[in-house]
Structure formats: C-alpha cells, structure tokens
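Novice: Just dropping this structure here.
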Amino acid sequence: MAVIDTPSRRRASPTGGTATSAARRAKRDWRGWQFTGPFAVVFILVFIAPLGYALYLSLFQNRLIGGNSFVGLENYATALSDPQFWDGFLRVVLFLLIQVPIMLVLAMVAALAIDSARLYASGFFRIVVFLPYAVPAVVAVLIWGFMYGDNFGLTANINDLLGADVLQPFAGTWILASIGNIVTWEFVGYNMLIFYSALKTIPADLYEAAEIDGARGWQVIRAIKLPAARGAIVIATIFSIIGSFQLFNEPNVLKPLAENVISTYFTPNMYAYNLSFAGQQYNYAATVAIIMGVITAAIAYVVQLRGTRKEDRA
C-alpha cells in the first residue's frame, strides 16, 4: 500500500522537514546580512562610534591636576546653567519660529504655482527656483555677505544713493533677519521640490471629480492639494527644524564681516565649534553637542508624531 506524502506528514516529520526548513531560514537570514552588512558597518563607523565617543568625552573633564578625570554629569549641569549656551539656543529658537514658516509658505506657493496649468514655462521656473540650492553654501553666504557690506557692495551703493544709512544688514537688530534671508534664498527651492513631488502624485480623477462638483481655484487647493501634501509638509518641517538647530555655516562665514555683532556663541553649534577648536575644551564641546542633539531629536519626533496623527485622522 502506497503512502501518500501529504503536507501534514511533512510537518509531522521529526527530523527531515523541520530541520530543512530551519536551515533554509538560517541561510536566507545570512544572505540578507550580506546585503545589509556593509551599510551596518558604515553606519556604526560614521554614526554610532562618533556618537558614543562624544558621549564618552562629555563624562570627563581635563583638569590641571589629575588630567582627564571622570566627572559624570557635571558637564551637563554646567552647560544647562551656562548663559552663553542659552543665549545661542534662544536665538536659534527665534530663528526657527520666524524663518521656517516663511520659507515653507514661499516654497508651497512656488510649488502650487508651478503645478498649476496656468503658469507658462513651468519647467523653466522650477529650475530657476531650485537653482539657489545648487549653489555651494559657502559661496552663497559670501555672495550675500558682500551685498550686505556697509562699505561696499549693493547695500553701500543704495545707502550712498539715499544719502543715509537706511540699510544696515549687519546691525545687531537685523543680523538674524539677514541670515534668515540667506537661508530662505538657499532652501526655498529644495522645499519647493519636495512639495511639488507630492502634488504630482495626486490622481487626475480627484481633479475631475472636483471639477464636476464645481470646485475651483482655492477650493481645489484647500480640499485636494494641501491634504495630499501633508506628509511632504511634515518632512520639510522636520528637515527645517533640524537645519535651524544646526545653524552654523551662515553666521560663521559672516563673522569676519560682522565681528562685533556675531559672537563665538551666536548659535550652539558655533559655541561647540569654538569651544573645541579655539578653546581646546573638547569635553565641554561634546556636552553641548549631545544636549543639542537630544533637544533636536525630541522636537523633531514630536512634530513627526503630531503630523502622523493628523494624517491618520484625515
């Protein structure tokens, strides 16, 4: 009598079937690591290891007597009571609250204009708006820095024409706005491209249905385009928050042109940089960097969480 090899008999086999399946799963897992392994190695070397080393440095302090001594959380307590750290931190918070909304609104307006069928030569305008992002950051800051100069450049020419110092981009009350203008010019095109890509994924059926229902202009934008771009808005907001807390390049390049206005602790990143490379205070600089990293990650996570919840409810 022939014995039929059914799936139930194969599962019930005490040795062959189960062992073979386990071996195949193990082999598949190993092949998967062959693909992810190189990334994991690079990730550990360029992210985990430097982060761990910075955390290690923040727990020590280089003293005249005793050398590099373990101090626990003493550096963190010092940083949290450091007026220079909080001065720079509050400055980037103010920068974030004013510059980021303006930049994202301008980027969304540009994306909506380019996505609309009413704009002639939309491809050309898309390139023009995105082009400033292609300019190297240092070059962009130098261009604007020479235009901002009180004794040379465009600002000086306008003031000479008017016969008074009407424009003073490097004045203490205007320097943050001047930096915000540079950052906005640099990154409007980048955020516009994110928004534009989200708008291009909207199915044409939604527009047809809206047209049948009599929706026009702002109604289509409010009911279809903005909800469809909500995920892109959240991503752009998170990137902008991270960029604001990492503000370094613009004030650091402009510092020689406005030395009496931009201090060494103008932003937390500048403070950590000058503590490390100018003051040789590597431990305290690592502490400032760790604190800023934790604050940035926490705020970005809250924004992502709130944006995701709103998207789920929608």
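Each chain in the structure tokens gets a letter, A, B and so on, in the order shown; residues start at 1 in every chain, and ligands are counted from 1 in the order they appear.
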Just want the 10 Å neighbourhood of A:Glu186, counted on only C-alpha atoms, with same-chain residues fewer than 6 positions away dropped. Output as a PyMOL selection string.
Specialist: chain A and resi 103+129-137+140-141+180
Novice: Would you export the selected residues with C-alpha atoms as an mmCIF file, in the first residue's frame, please?
Specialist:
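Result file is again_26.cif:
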```cif
data_model
loop_
_atom_site.group_PDB
_atom_site.id
_atom_site.type_symbol
_atom_site.label_atom_id
_atom_site.label_comp_id
_atom_site.auth_asym_id
_atom_site.auth_seq_id
_atom_site.Cartn_x
_atom_site.Cartn_y
_atom_site.Cartn_z
ATOM 1 C CA MET A 103 10.362 79.640 3.954
ATOM 2 C CA VAL A 129 13.542 78.468 -8.059
ATOM 3 C CA PHE A 130 15.653 75.375 -7.369
ATOM 4 C CA LEU A 131 18.905 76.865 -8.703
ATOM 5 C CA PRO A 132 19.991 78.675 -5.466
ATOM 6 C CA TYR A 133 20.074 75.306 -3.682
ATOM 7 C CA ALA A 134 22.639 74.125 -6.233
ATOM 8 C CA VAL A 135 24.981 76.972 -5.266
ATOM 9 C CA PRO A 136 27.551 75.803 -2.667
ATOM 10 C CA ALA A 137 26.566 77.054 0.775
ATOM 11 C CA ALA A 140 26.011 81.651 -1.352
ATOM 12 C CA VAL A 141 26.875 83.200 2.016
ATOM 13 C CA GLY A 180 17.289 84.198 7.687
#
```
Novice: Residues within 8 Å of stretch 287-289 of chain A, please, as a ChimeraX atom specification. Count only C-alpha atoms; anything in the same chain fewer than 4 positions from it doesn't count.
Specialist: /A:54-55,57-58,75-76,79,85,268-269,272,283,293
Novice: Using the chain letters and numbers from this document, which residues of stretch 27-275 of chain A does DSSP assign to strand (DSSP E or B), as a PyMOL selection string?
Specialist: chain A and resi 60-63+67-70
Novice: Okay, now the selection with all heavy atoms, as a short mmCIF file (atom, residue, chain, number, x, y, z; two decimals), in the first residue's frame?
Specialist:
```cif
data_model
loop_
_atom_site.label_atom_id
_atom_site.label_comp_id
_atom_site.auth_asym_id
_atom_site.auth_seq_id
_atom_site.Cartn_x
_atom_site.Cartn_y
_atom_site.Cartn_z
N PHE A 60 33.80 63.30 30.97
CA PHE A 60 35.13 63.55 31.53
C PHE A 60 35.45 65.05 31.47
O PHE A 60 34.77 65.82 30.79
CB PHE A 60 36.19 62.76 30.77
CG PHE A 60 36.15 61.29 31.03
CD1 PHE A 60 35.23 60.47 30.37
CD2 PHE A 60 37.02 60.70 31.93
CE1 PHE A 60 35.19 59.11 30.62
CE2 PHE A 60 36.99 59.34 32.18
CZ PHE A 60 36.07 58.54 31.53
N GLN A 61 36.48 65.41 32.19
CA GLN A 61 36.92 66.80 32.21
C GLN A 61 38.43 66.83 32.37
O GLN A 61 38.99 66.14 33.22
CB GLN A 61 36.25 67.55 33.37
CG GLN A 61 36.38 69.06 33.30
CD GLN A 61 35.58 69.74 34.38
OE1 GLN A 61 36.14 70.14 35.41
NE2 GLN A 61 34.26 69.83 34.19
N ASN A 62 39.06 67.63 31.52
CA ASN A 62 40.52 67.73 31.54
C ASN A 62 40.93 68.80 32.56
O ASN A 62 40.72 69.99 32.35
CB ASN A 62 41.04 68.10 30.15
CG ASN A 62 42.52 67.86 30.02
OD1 ASN A 62 43.15 67.29 30.92
ND2 ASN A 62 43.09 68.27 28.90
N ARG A 63 41.54 68.36 33.65
CA ARG A 63 41.91 69.26 34.74
C ARG A 63 43.42 69.40 34.82
O ARG A 63 44.17 68.53 34.38
CB ARG A 63 41.35 68.74 36.06
CG ARG A 63 39.82 68.74 36.09
CD ARG A 63 39.30 68.08 37.34
NE ARG A 63 37.85 68.24 37.45
CZ ARG A 63 37.10 67.64 38.38
NH1 ARG A 63 37.68 66.84 39.28
NH2 ARG A 63 35.81 67.85 38.43
N GLY A 67 44.63 65.35 35.31
CA GLY A 67 44.44 65.07 33.89
C GLY A 67 42.97 64.89 33.53
O GLY A 67 42.09 65.58 34.06
N ASN A 68 42.72 63.97 32.65
CA ASN A 68 41.35 63.70 32.17
C ASN A 68 40.63 62.87 33.22
O ASN A 68 40.83 61.66 33.33
CB ASN A 68 41.41 62.97 30.83
CG ASN A 68 40.12 63.13 30.05
OD1 ASN A 68 39.43 64.14 30.18
ND2 ASN A 68 39.80 62.15 29.24
N SER A 69 39.75 63.51 33.99
CA SER A 69 39.09 62.85 35.13
C SER A 69 37.61 62.67 34.84
O SER A 69 36.97 63.50 34.19
CB SER A 69 39.26 63.69 36.40
OG SER A 69 40.63 63.92 36.65
N PHE A 70 37.08 61.57 35.35
CA PHE A 70 35.66 61.29 35.21
C PHE A 70 34.86 62.21 36.14
O PHE A 70 35.12 62.28 37.34
CB PHE A 70 35.38 59.82 35.56
CG PHE A 70 33.92 59.45 35.49
CD1 PHE A 70 33.31 59.20 34.27
CD2 PHE A 70 33.16 59.35 36.65
CE1 PHE A 70 31.98 58.86 34.20
CE2 PHE A 70 31.82 59.01 36.59
CZ PHE A 70 31.22 58.77 35.36
#
```
Novice: Between A:Ile65, A:Ile48, A:Ile224, A:Ala300, single out the one closest to A:Glu211, counting only C-alpha atoms.
Specialist: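 Answer, going by the shortest atom-to-atom distance: A:Ile224.
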Novice: Measure the distance from atom CA of A:Ala228 to atom CA of A:Thr201 in Å and round it to one decimal.
Specialist: 8.3 Å
Novice: I need the residues in stretch 127-208 of chain A that are helix (DSSP H, G or I) according to DSSP; give them as a PyMOL selection string.
Specialist: chain A and resi 127-134+137-148+153-162+175-199+204-208
Novice: Which residue is closest to A:Arg216? Choose from A:Ala229, A:Leu80, A:Leu94, A:Ser116 and count only C-alpha atoms.
Specialist: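 Answer, going by the shortest atom-to-atom distance: A:Ser116.
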Novice: Need to verify the contact set: A:Tyr271, 10 Å, only C-alpha atoms, exclusion of same-chain residues closer than 3 positions in sequence. Can you return it as a PyMOL selection string?
Specialist: chain A and resi 84-85+88-89+248+263-268+274-276+285+288-289
Novice: Next, the residues of the selection above should be written as a CSV table (one decimal), in the first residue's frame with all heavy atoms.
Specialist:
```csv
chain,number,residue,atom,x,y,z
A,84,GLN,N,25.8,81.6,28.0
A,84,GLN,CA,26.1,81.7,26.6
A,84,GLN,C,25.5,80.6,25.8
A,84,GLN,O,25.0,80.9,24.7
A,84,GLN,CB,27.7,81.6,26.5
A,84,GLN,CG,28.4,82.8,27.1
A,84,GLN,CD,29.9,82.7,26.9
A,84,GLN,OE1,30.5,81.6,26.7
A,84,GLN,NE2,30.6,83.9,27.0
A,85,PHE,N,25.3,79.4,26.4
A,85,PHE,CA,24.7,78.3,25.7
A,85,PHE,C,23.2,78.7,25.5
A,85,PHE,O,22.6,78.5,24.4
A,85,PHE,CB,24.8,77.0,26.5
A,85,PHE,CG,23.8,75.9,26.0
A,85,PHE,CD1,24.1,75.3,24.8
A,85,PHE,CD2,22.7,75.6,26.7
A,85,PHE,CE1,23.3,74.3,24.3
A,85,PHE,CE2,21.8,74.6,26.2
A,85,PHE,CZ,22.1,74.0,25.0
A,88,GLY,N,22.6,81.4,22.7
A,88,GLY,CA,22.6,80.9,21.4
A,88,GLY,C,21.4,80.0,21.1
A,88,GLY,O,20.9,80.1,20.0
A,89,PHE,N,21.0,79.3,22.1
A,89,PHE,CA,19.8,78.4,21.9
A,89,PHE,C,18.6,79.2,21.7
A,89,PHE,O,17.8,78.9,20.8
A,89,PHE,CB,19.7,77.5,23.1
A,89,PHE,CG,18.4,76.6,23.1
A,89,PHE,CD1,18.5,75.4,22.3
A,89,PHE,CD2,17.3,76.9,23.8
A,89,PHE,CE1,17.4,74.6,22.2
A,89,PHE,CE2,16.2,76.1,23.7
A,89,PHE,CZ,16.2,74.9,22.9
A,248,PHE,N,25.0,77.0,11.5
A,248,PHE,CA,26.4,77.2,11.7
A,248,PHE,C,27.1,77.9,10.6
A,248,PHE,O,27.8,78.9,10.7
A,248,PHE,CB,27.1,75.9,12.0
A,248,PHE,CG,28.6,76.0,12.0
A,248,PHE,CD1,29.2,76.4,13.2
A,248,PHE,CD2,29.4,75.6,10.9
A,248,PHE,CE1,30.6,76.5,13.3
A,248,PHE,CE2,30.8,75.7,11.0
A,248,PHE,CZ,31.4,76.1,12.2
A,263,SER,N,28.9,86.8,17.7
A,263,SER,CA,29.8,86.3,18.7
A,263,SER,C,30.2,84.9,18.5
A,263,SER,O,29.7,84.2,17.6
A,263,SER,CB,29.2,86.4,20.1
A,263,SER,OG,28.0,85.6,20.2
A,264,THR,N,31.1,84.4,19.3
A,264,THR,CA,31.6,83.0,19.2
A,264,THR,C,30.5,82.0,19.7
A,264,THR,O,30.6,80.8,19.4
A,264,THR,CB,32.9,82.8,20.0
A,264,THR,OG1,32.6,83.1,21.4
A,264,THR,CG2,34.0,83.6,19.4
A,265,TYR,N,29.5,82.5,20.4
A,265,TYR,CA,28.4,81.6,20.9
A,265,TYR,C,27.1,82.1,20.2
A,265,TYR,O,26.0,81.9,20.8
A,265,TYR,CB,28.3,81.7,22.4
A,265,TYR,CG,28.3,83.1,23.0
A,265,TYR,CD1,27.0,83.7,23.2
A,265,TYR,CD2,29.4,83.7,23.3
A,265,TYR,CE1,27.0,85.0,23.7
A,265,TYR,CE2,29.4,85.0,23.9
A,265,TYR,CZ,28.1,85.6,24.1
A,265,TYR,OH,28.1,86.9,24.6
A,266,PHE,N,27.1,82.6,19.0
A,266,PHE,CA,26.0,83.1,18.3
A,266,PHE,C,24.9,82.0,18.2
A,266,PHE,O,23.7,82.3,18.3
A,266,PHE,CB,26.3,83.7,17.0
A,266,PHE,CG,25.2,84.4,16.3
A,266,PHE,CD1,25.0,85.7,16.6
A,266,PHE,CD2,24.5,83.8,15.3
A,266,PHE,CE1,23.9,86.4,16.0
A,266,PHE,CE2,23.5,84.5,14.6
A,266,PHE,CZ,23.2,85.8,15.0
A,267,THR,N,25.3,80.8,17.9
A,267,THR,CA,24.5,79.6,17.9
A,267,THR,C,25.1,78.5,18.7
A,267,THR,O,26.3,78.5,18.9
A,267,THR,CB,24.2,79.1,16.4
A,267,THR,OG1,25.4,78.6,15.9
A,267,THR,CG2,23.7,80.3,15.5
A,268,PRO,N,24.4,77.5,19.1
A,268,PRO,CA,25.0,76.4,19.9
A,268,PRO,C,26.1,75.7,19.1
A,268,PRO,O,27.1,75.3,19.7
A,268,PRO,CB,23.8,75.5,20.2
A,268,PRO,CG,22.6,76.4,20.2
A,268,PRO,CD,22.9,77.4,19.2
A,274,ASN,N,33.8,76.6,18.6
A,274,ASN,CA,34.8,77.4,19.1
A,274,ASN,C,35.3,76.9,20.5
A,274,ASN,O,36.5,77.1,20.8
A,274,ASN,CB,34.2,78.8,19.3
A,274,ASN,CG,34.1,79.6,18.0
A,274,ASN,OD1,35.1,80.0,17.4
A,274,ASN,ND2,32.9,79.8,17.6
A,275,LEU,N,34.5,76.2,21.2
A,275,LEU,CA,35.0,75.6,22.5
A,275,LEU,C,36.0,74.5,22.1
A,275,LEU,O,37.0,74.4,22.8
A,275,LEU,CB,33.8,75.0,23.2
A,275,LEU,CG,32.9,75.9,24.0
A,275,LEU,CD1,31.7,75.1,24.6
A,275,LEU,CD2,33.7,76.5,25.2
A,276,SER,N,35.8,73.8,21.0
A,276,SER,CA,36.6,72.7,20.7
A,276,SER,C,37.9,73.1,20.0
A,276,SER,O,39.0,72.8,20.4
A,276,SER,CB,35.8,71.7,19.8
A,276,SER,OG,36.7,70.6,19.4
A,285,ALA,N,32.6,70.9,24.8
A,285,ALA,CA,32.1,71.0,23.5
A,285,ALA,C,31.2,69.7,23.1
A,285,ALA,O,30.1,69.9,22.5
A,285,ALA,CB,33.2,71.1,22.4
A,288,VAL,N,27.8,70.1,24.9
A,288,VAL,CA,26.9,71.0,24.2
A,288,VAL,C,26.3,70.3,23.0
A,288,VAL,O,25.1,70.4,22.7
A,288,VAL,CB,27.6,72.3,23.8
A,288,VAL,CG1,26.8,73.2,23.0
A,288,VAL,CG2,28.1,73.0,25.1
A,289,ALA,N,27.1,69.6,22.3
A,289,ALA,CA,26.7,68.9,21.1
A,289,ALA,C,25.6,67.8,21.4
A,289,ALA,O,24.6,67.6,20.7
A,289,ALA,CB,27.8,68.3,20.3
```
Novice: Go through A:Asp82, A:Asp160, A:Asp115, A:Asp150 one by one, measure the shortest atom-to-atom distance of each to A:Ala258 using only C-alpha atoms, and give the residue with the smallest value.
Specialist: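 Result for the nearest residue to A:Ala258: A:Asp150.
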Novice: If we count only C-alpha atoms, what is near A:Pro203 at a cut-off of 12 Å, once residues fewer than 5 positions away on the same chain are taken out, given as a PyMOL selection string?
Specialist: chain A and resi 198+208-210+224-225+228
Novice: Could you name the residues that touch A:Ala156 at 12 Å or less, counting only C-alpha atoms, but leaving out those on the same chain fewer than 4 positions away, as a PyMOL selection string?
Specialist: chain A and resi 145-152+160-170
Novice: Show me a table, sorted first by chain and then by increasing residue number, of the residues of stretch 17-98 of chain A having an atom at most 12 Å from stretch 237-240 of chain A, each with its shortest atom pair and the distance in Å to one decimal, counting only C-alpha atoms and written as CSV.
Specialist:
```
residue,atom,partner,partner_atom,distance
A:Val92,CA,A:Ser240,CA,11.7
A:Val93,CA,A:Ser240,CA,11.8
A:Phe95,CA,A:Ser240,CA,10.8
A:Leu96,CA,A:Ser240,CA,8.0
A:Leu97,CA,A:Ser240,CA,10.6
A:Ile98,CA,A:Ser240,CA,11.7
```
Novice: Output all heavy atoms for every residue in that selection, as a compact mmCIF listing (two decimals), in the first residue's frame.
Specialist:
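And here is the file that came out, result_32.txt:
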```
# COMPACT_ATOMS: atom_id res chain seq x y z
N VAL A 92 18.47 80.57 18.09
CA VAL A 92 18.07 79.66 17.02
C VAL A 92 16.59 79.29 17.14
O VAL A 92 15.93 79.01 16.13
CB VAL A 92 18.94 78.39 17.00
CG1 VAL A 92 20.38 78.72 16.66
CG2 VAL A 92 18.86 77.61 18.30
N VAL A 93 16.04 79.29 18.35
CA VAL A 93 14.60 79.06 18.51
C VAL A 93 13.81 80.20 17.85
O VAL A 93 12.83 79.97 17.13
CB VAL A 93 14.22 78.91 19.99
CG1 VAL A 93 12.71 78.94 20.17
CG2 VAL A 93 14.79 77.61 20.55
N PHE A 95 14.92 82.12 15.49
CA PHE A 95 15.16 81.93 14.06
C PHE A 95 14.21 80.88 13.49
O PHE A 95 13.62 81.08 12.42
CB PHE A 95 16.62 81.50 13.86
CG PHE A 95 17.01 81.29 12.42
CD1 PHE A 95 17.44 82.35 11.64
CD2 PHE A 95 16.96 80.03 11.85
CE1 PHE A 95 17.82 82.16 10.33
CE2 PHE A 95 17.32 79.82 10.55
CZ PHE A 95 17.75 80.88 9.78
N LEU A 96 14.03 79.79 14.21
CA LEU A 96 13.15 78.71 13.78
C LEU A 96 11.70 79.17 13.68
O LEU A 96 11.01 78.89 12.69
CB LEU A 96 13.27 77.54 14.75
CG LEU A 96 12.22 76.43 14.69
CD1 LEU A 96 12.31 75.70 13.37
CD2 LEU A 96 12.39 75.47 15.84
N LEU A 97 11.23 79.89 14.67
CA LEU A 97 9.82 80.29 14.72
C LEU A 97 9.46 81.31 13.65
O LEU A 97 8.29 81.39 13.23
CB LEU A 97 9.49 80.86 16.10
CG LEU A 97 9.58 79.88 17.27
CD1 LEU A 97 9.32 80.59 18.59
CD2 LEU A 97 8.60 78.72 17.09
N ILE A 98 10.43 82.08 13.18
CA ILE A 98 10.14 83.11 12.19
C ILE A 98 10.53 82.67 10.79
O ILE A 98 9.73 82.77 9.84
CB ILE A 98 10.87 84.43 12.55
CG1 ILE A 98 10.34 84.96 13.89
CG2 ILE A 98 10.67 85.47 11.45
CD1 ILE A 98 11.04 86.20 14.37
```
